[in-house]
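K.L.:
Below you will find the structure I want to go over with you.
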Amino acid sequence: MKKIAIYGKGGIGKSTMTGNLAAAFATLGKKVVQIGCDPKADSTINLLNGEPLMPVMDYYRDHDMEPDFEHIGKTGFGGVFCIETGGPTPGLGCAGRGIIATFNLLEELDVFGRIKPDVVLYDVLGDVVCGGFAAPIREGYAEDVLIVTSGEKMALYAANNISTAVKNFEDRGYATVRGVIFNRRNIPDEENKVKAFADSIGVPIVADIPRSDDISNFEDQGKTVVEGNPDLPVSRSFIELAEMLLKDPPKEEKETYRFYH
């Protein structure tokens with residue numbers, strides 16, 4: 001089972017990247033679980049025909065009992081099992097608490113044992129990598145981390161913080177950064193900025209996603225671009241990334257990551 005956490009600054013497009021990657025794995029015949037780890041709870045909406053999913057934390061607030069397996073998530077495009085952690089009532093409590101509560105529930109219900117997924121994707125807010133937001137890397141849930149960034153200053157700043165956070169746990173055998181997803185915004189000298197960042201942390205750019213109207217057009221229909229038209233060049237970028245991630249990283253790639261840290 002491949003377990004991948006996808007981190008990035010809020011608004012950088014990590015949910016779009018994660019949803020399309022989930023759809024790409026599904027088109028390759030893989031059984032996928034996608035877990036949205038963001039209080040906004042919008043990670044999986046484009047796998048569910050634009051229909052929002054009740055987050056686990058909302059269920060806790062609205063019911064006296066814990067959700068059972070039938071209520072923890074919903075099956076979307078390509079059989080992807082979708083889960084949203086949600087968060088506390090706005091202005092009250094810790095935003096990362098929903099992640100911790102949901103992860104505990106996943107273990108209690110043996111969700112992975114029941115579904116037996118080939119791939120688990122965690123879509124995680126990366127502006128602040130602490131508390132619950134660090135759980136996918138700190139608790140050993142994920143093995144690989146992908147960092148989504150553009151060439152914008154604040155996106156790169158957040159990406160560097162994410163890389164540093166992962167590094168702090170590497171000696172415990174937790175997740176390592178597998179690579180950078182370059183989500184283009186078409187700003188000046190963007191490619192060189194992102195390449196310089198990836199080189200500085202010693203990881204490759206594993207996908208170069210062009211700015212595409214096709215992505216937003218299909219999202220308006222409640223779909224990922226991979227579902228909408230898997231033959232488009234942007235869809236092929238996600239499918240090729242999925243194919244790459246299914247393979248073990250080359251030995252020299254792992255050694256390069258250690259060298260830079």
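Identifiers in the structure tokens: chain A, B, ... in order shown; residue index from 1 per chain; ligand index from 1 in order shown.
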Write out as CSV a residue-level contact list of region 218-243 of chain A versus region 23-47 of chain A with cut-off 8 Å: for each qualifying residue the closest pair of atoms and the distance in Å to one decimal, counting only C-alpha atoms, rows sorted by chain and residue number upward.

P.N.:
residue,atom,partner,partner_atom,distance
A:Glu219,CA,A:Asn46,CA,6.3
A:Gly222,CA,A:Asn46,CA,4.7
A:Lys223,CA,A:Asn46,CA,4.5
A:Thr224,CA,A:Asn46,CA,5.5
A:Val226,CA,A:Ala23,CA,6.2
A:Glu227,CA,A:Ala23,CA,6.7
A:Ser235,CA,A:Ala24,CA,8.0
A:Phe238,CA,A:Ala24,CA,6.1
A:Ile239,CA,A:Ala24,CA,4.8
A:Ala242,CA,A:Phe25,CA,5.7
A:Glu243,CA,A:Phe25,CA,7.8

K.L.:
Determine which residues of region 74-242 of chain A DSSP labels as strand (DSSP E or B) from the backbone of this structure, then write them out as number ranges by chain.

P.N.:
A: 74-75, 81-84, 119-125, 144-149, 176-183, 205-209

K.L.:
Quick one, how far is CA of Lys9 (chain A) from CA of Leu125 (chain A)?

P.N.:
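We find that CA of Lys9 (chain A) and CA of Leu125 (chain A) lie 6.4 Å from each other.
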
K.L.:
Just the number, please: distance in Å from CA of Asp171 (chain A) to CA of Ala142 (chain A), one decimal.

P.N.:
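CA of Ala142 (chain A) lies at a distance of 14.9 Å from CA of Asp171 (chain A).
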
K.L.:
What parts of region 54-241 of chain A does DSSP call helix (DSSP H, G or I)? I'd like the answer as a PyMOL selection string.

P.N.:
chain A and resi 56-62+69-72+77-79+97-108+111-115+131-138+153-172+190-201+213-219+225-228+233-241

K.L.:
Would you mind exporting the chosen residues as a PDB file, in the first residue's frame, restricted to C-alpha atoms?

P.N.:
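Written output follows (result38.pdb):
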ATOM      1  CA  VAL A  56     -16.169  13.440  10.390  1.00  0.00           C
ATOM      2  CA  MET A  57     -16.083  16.367  12.821  1.00  0.00           C
ATOM      3  CA  ASP A  58     -19.505  17.565  11.637  1.00  0.00           C
ATOM      4  CA  TYR A  59     -20.886  14.105  12.303  1.00  0.00           C
ATOM      5  CA  TYR A  60     -19.472  14.211  15.828  1.00  0.00           C
ATOM      6  CA  ARG A  61     -21.198  17.565  16.413  1.00  0.00           C
ATOM      7  CA  ASP A  62     -24.564  16.474  15.012  1.00  0.00           C
ATOM      8  CA  PHE A  69     -18.066   2.609   8.635  1.00  0.00           C
ATOM      9  CA  GLU A  70     -21.139   3.478   6.556  1.00  0.00           C
ATOM     10  CA  HIS A  71     -20.974   7.128   7.594  1.00  0.00           C
ATOM     11  CA  ILE A  72     -17.242   7.866   7.654  1.00  0.00           C
ATOM     12  CA  PHE A  77     -15.235   8.488  -9.227  1.00  0.00           C
ATOM     13  CA  GLY A  78     -13.409   5.302 -10.101  1.00  0.00           C
ATOM     14  CA  GLY A  79     -14.266   3.744  -6.743  1.00  0.00           C
ATOM     15  CA  ARG A  97      -7.964  18.263  16.006  1.00  0.00           C
ATOM     16  CA  GLY A  98     -10.244  16.907  13.293  1.00  0.00           C
ATOM     17  CA  ILE A  99      -7.304  15.119  11.706  1.00  0.00           C
ATOM     18  CA  ILE A 100      -6.304  13.419  14.945  1.00  0.00           C
ATOM     19  CA  ALA A 101      -9.890  12.407  15.766  1.00  0.00           C
ATOM     20  CA  THR A 102     -10.423  11.036  12.262  1.00  0.00           C
ATOM     21  CA  PHE A 103      -7.168   9.090  12.251  1.00  0.00           C
ATOM     22  CA  ASN A 104      -8.112   7.486  15.573  1.00  0.00           C
ATOM     23  CA  LEU A 105     -11.491   6.551  14.111  1.00  0.00           C
ATOM     24  CA  LEU A 106      -9.874   5.052  11.002  1.00  0.00           C
ATOM     25  CA  GLU A 107      -7.932   2.713  13.257  1.00  0.00           C
ATOM     26  CA  GLU A 108     -10.927   1.833  15.443  1.00  0.00           C
ATOM     27  CA  VAL A 111     -11.001   1.234   7.489  1.00  0.00           C
ATOM     28  CA  PHE A 112      -7.864   0.288   5.579  1.00  0.00           C
ATOM     29  CA  GLY A 113      -8.288  -3.351   6.559  1.00  0.00           C
ATOM     30  CA  ARG A 114     -11.807  -3.363   5.168  1.00  0.00           C
ATOM     31  CA  ILE A 115     -11.103  -1.462   1.969  1.00  0.00           C
ATOM     32  CA  GLY A 131      -0.305  19.483  15.805  1.00  0.00           C
ATOM     33  CA  GLY A 132      -2.818  17.573  13.716  1.00  0.00           C
ATOM     34  CA  PHE A 133      -1.450  18.887  10.442  1.00  0.00           C
ATOM     35  CA  ALA A 134       1.835  17.096  11.172  1.00  0.00           C
ATOM     36  CA  ALA A 135       0.070  13.825  12.040  1.00  0.00           C
ATOM     37  CA  PRO A 136       0.385  12.223   8.577  1.00  0.00           C
ATOM     38  CA  ILE A 137       4.185  12.538   8.739  1.00  0.00           C
ATOM     39  CA  ARG A 138       4.683  12.344  12.499  1.00  0.00           C
ATOM     40  CA  LYS A 153       7.186  33.794  -2.772  1.00  0.00           C
ATOM     41  CA  MET A 154       4.739  32.694  -0.074  1.00  0.00           C
ATOM     42  CA  ALA A 155       4.109  29.333  -1.731  1.00  0.00           C
ATOM     43  CA  LEU A 156       7.856  28.649  -1.752  1.00  0.00           C
ATOM     44  CA  TYR A 157       8.151  29.874   1.842  1.00  0.00           C
ATOM     45  CA  ALA A 158       5.471  27.411   2.973  1.00  0.00           C
ATOM     46  CA  ALA A 159       7.057  24.659   0.889  1.00  0.00           C
ATOM     47  CA  ASN A 160      10.389  25.197   2.624  1.00  0.00           C
ATOM     48  CA  ASN A 161       8.697  25.013   6.037  1.00  0.00           C
ATOM     49  CA  ILE A 162       7.061  21.732   5.050  1.00  0.00           C
ATOM     50  CA  SER A 163      10.402  20.304   3.941  1.00  0.00           C
ATOM     51  CA  THR A 164      11.977  21.350   7.243  1.00  0.00           C
ATOM     52  CA  ALA A 165       9.158  19.758   9.227  1.00  0.00           C
ATOM     53  CA  VAL A 166       9.567  16.451   7.387  1.00  0.00           C
ATOM     54  CA  LYS A 167      13.313  16.561   7.953  1.00  0.00           C
ATOM     55  CA  ASN A 168      12.756  16.899  11.712  1.00  0.00           C
ATOM     56  CA  PHE A 169      11.088  13.483  11.749  1.00  0.00           C
ATOM     57  CA  GLU A 170      13.291  11.630   9.270  1.00  0.00           C
ATOM     58  CA  ASP A 171      15.466   9.975  11.919  1.00  0.00           C
ATOM     59  CA  ARG A 172      12.356   8.249  13.321  1.00  0.00           C
ATOM     60  CA  GLU A 190       8.769  30.811 -12.267  1.00  0.00           C
ATOM     61  CA  GLU A 191      10.454  27.688 -13.591  1.00  0.00           C
ATOM     62  CA  ASN A 192      13.904  28.763 -12.391  1.00  0.00           C
ATOM     63  CA  LYS A 193      12.545  29.694  -8.942  1.00  0.00           C
ATOM     64  CA  VAL A 194      10.885  26.328  -8.412  1.00  0.00           C
ATOM     65  CA  LYS A 195      13.854  24.417  -9.791  1.00  0.00           C
ATOM     66  CA  ALA A 196      16.188  26.303  -7.441  1.00  0.00           C
ATOM     67  CA  PHE A 197      13.967  25.406  -4.494  1.00  0.00           C
ATOM     68  CA  ALA A 198      13.782  21.729  -5.443  1.00  0.00           C
ATOM     69  CA  ASP A 199      17.567  21.629  -5.893  1.00  0.00           C
ATOM     70  CA  SER A 200      18.080  23.317  -2.514  1.00  0.00           C
ATOM     71  CA  ILE A 201      16.201  20.543  -0.678  1.00  0.00           C
ATOM     72  CA  ASP A 213      -8.635  26.306 -18.227  1.00  0.00           C
ATOM     73  CA  ASP A 214      -9.605  22.653 -18.668  1.00  0.00           C
ATOM     74  CA  ILE A 215      -9.054  22.050 -14.948  1.00  0.00           C
ATOM     75  CA  SER A 216     -11.403  24.852 -13.879  1.00  0.00           C
ATOM     76  CA  ASN A 217     -13.946  24.037 -16.588  1.00  0.00           C
ATOM     77  CA  PHE A 218     -14.321  20.457 -15.385  1.00  0.00           C
ATOM     78  CA  GLU A 219     -14.326  21.559 -11.744  1.00  0.00           C
ATOM     79  CA  VAL A 225      -9.904  16.925 -15.391  1.00  0.00           C
ATOM     80  CA  VAL A 226      -8.765  13.286 -15.397  1.00  0.00           C
ATOM     81  CA  GLU A 227     -12.391  12.165 -15.204  1.00  0.00           C
ATOM     82  CA  GLY A 228     -13.542  14.816 -17.661  1.00  0.00           C
ATOM     83  CA  PRO A 233      -2.135  16.748 -21.948  1.00  0.00           C
ATOM     84  CA  VAL A 234      -2.806  18.057 -18.411  1.00  0.00           C
ATOM     85  CA  SER A 235      -4.614  14.805 -17.543  1.00  0.00           C
ATOM     86  CA  ARG A 236      -1.701  12.808 -18.887  1.00  0.00           C
ATOM     87  CA  SER A 237       0.577  14.753 -16.508  1.00  0.00           C
ATOM     88  CA  PHE A 238      -1.385  13.382 -13.549  1.00  0.00           C
ATOM     89  CA  ILE A 239      -1.523   9.860 -14.937  1.00  0.00           C
ATOM     90  CA  GLU A 240       2.222   9.843 -15.588  1.00  0.00           C
ATOM     91  CA  LEU A 241       2.805  11.082 -12.031  1.00  0.00           C
TER      92      LEU A 241
END

K.L.:
One decimal, in Å: what's the spacing between CA of Met65 (chain A) and CA of Leu121 (chain A)?

P.N.:
26.8 Å

K.L.:
From the set A:Glu84, A:Asp118, A:Asp64, A:Asp127, which residue has the shortest atom-to-atom contact distance to Gly8 (chain A), counting only C-alpha atoms?

P.N.:
A:Asp127

K.L.:
Using only C-alpha atoms, can you tell me which of A:Thr75, A:Gly86, A:Lys14, A:Val120 comes closest to Leu246 (chain A)?

P.N.:
A:Val120

K.L.:
Under the rule that only C-alpha atoms are counted, which of A:Ile83, A:Val148, A:Ala175, A:Leu232 is the nearest residue to Gly11 (chain A)?

P.N.:
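Of all the options, A:Val148 lies closest to Gly11 (chain A).
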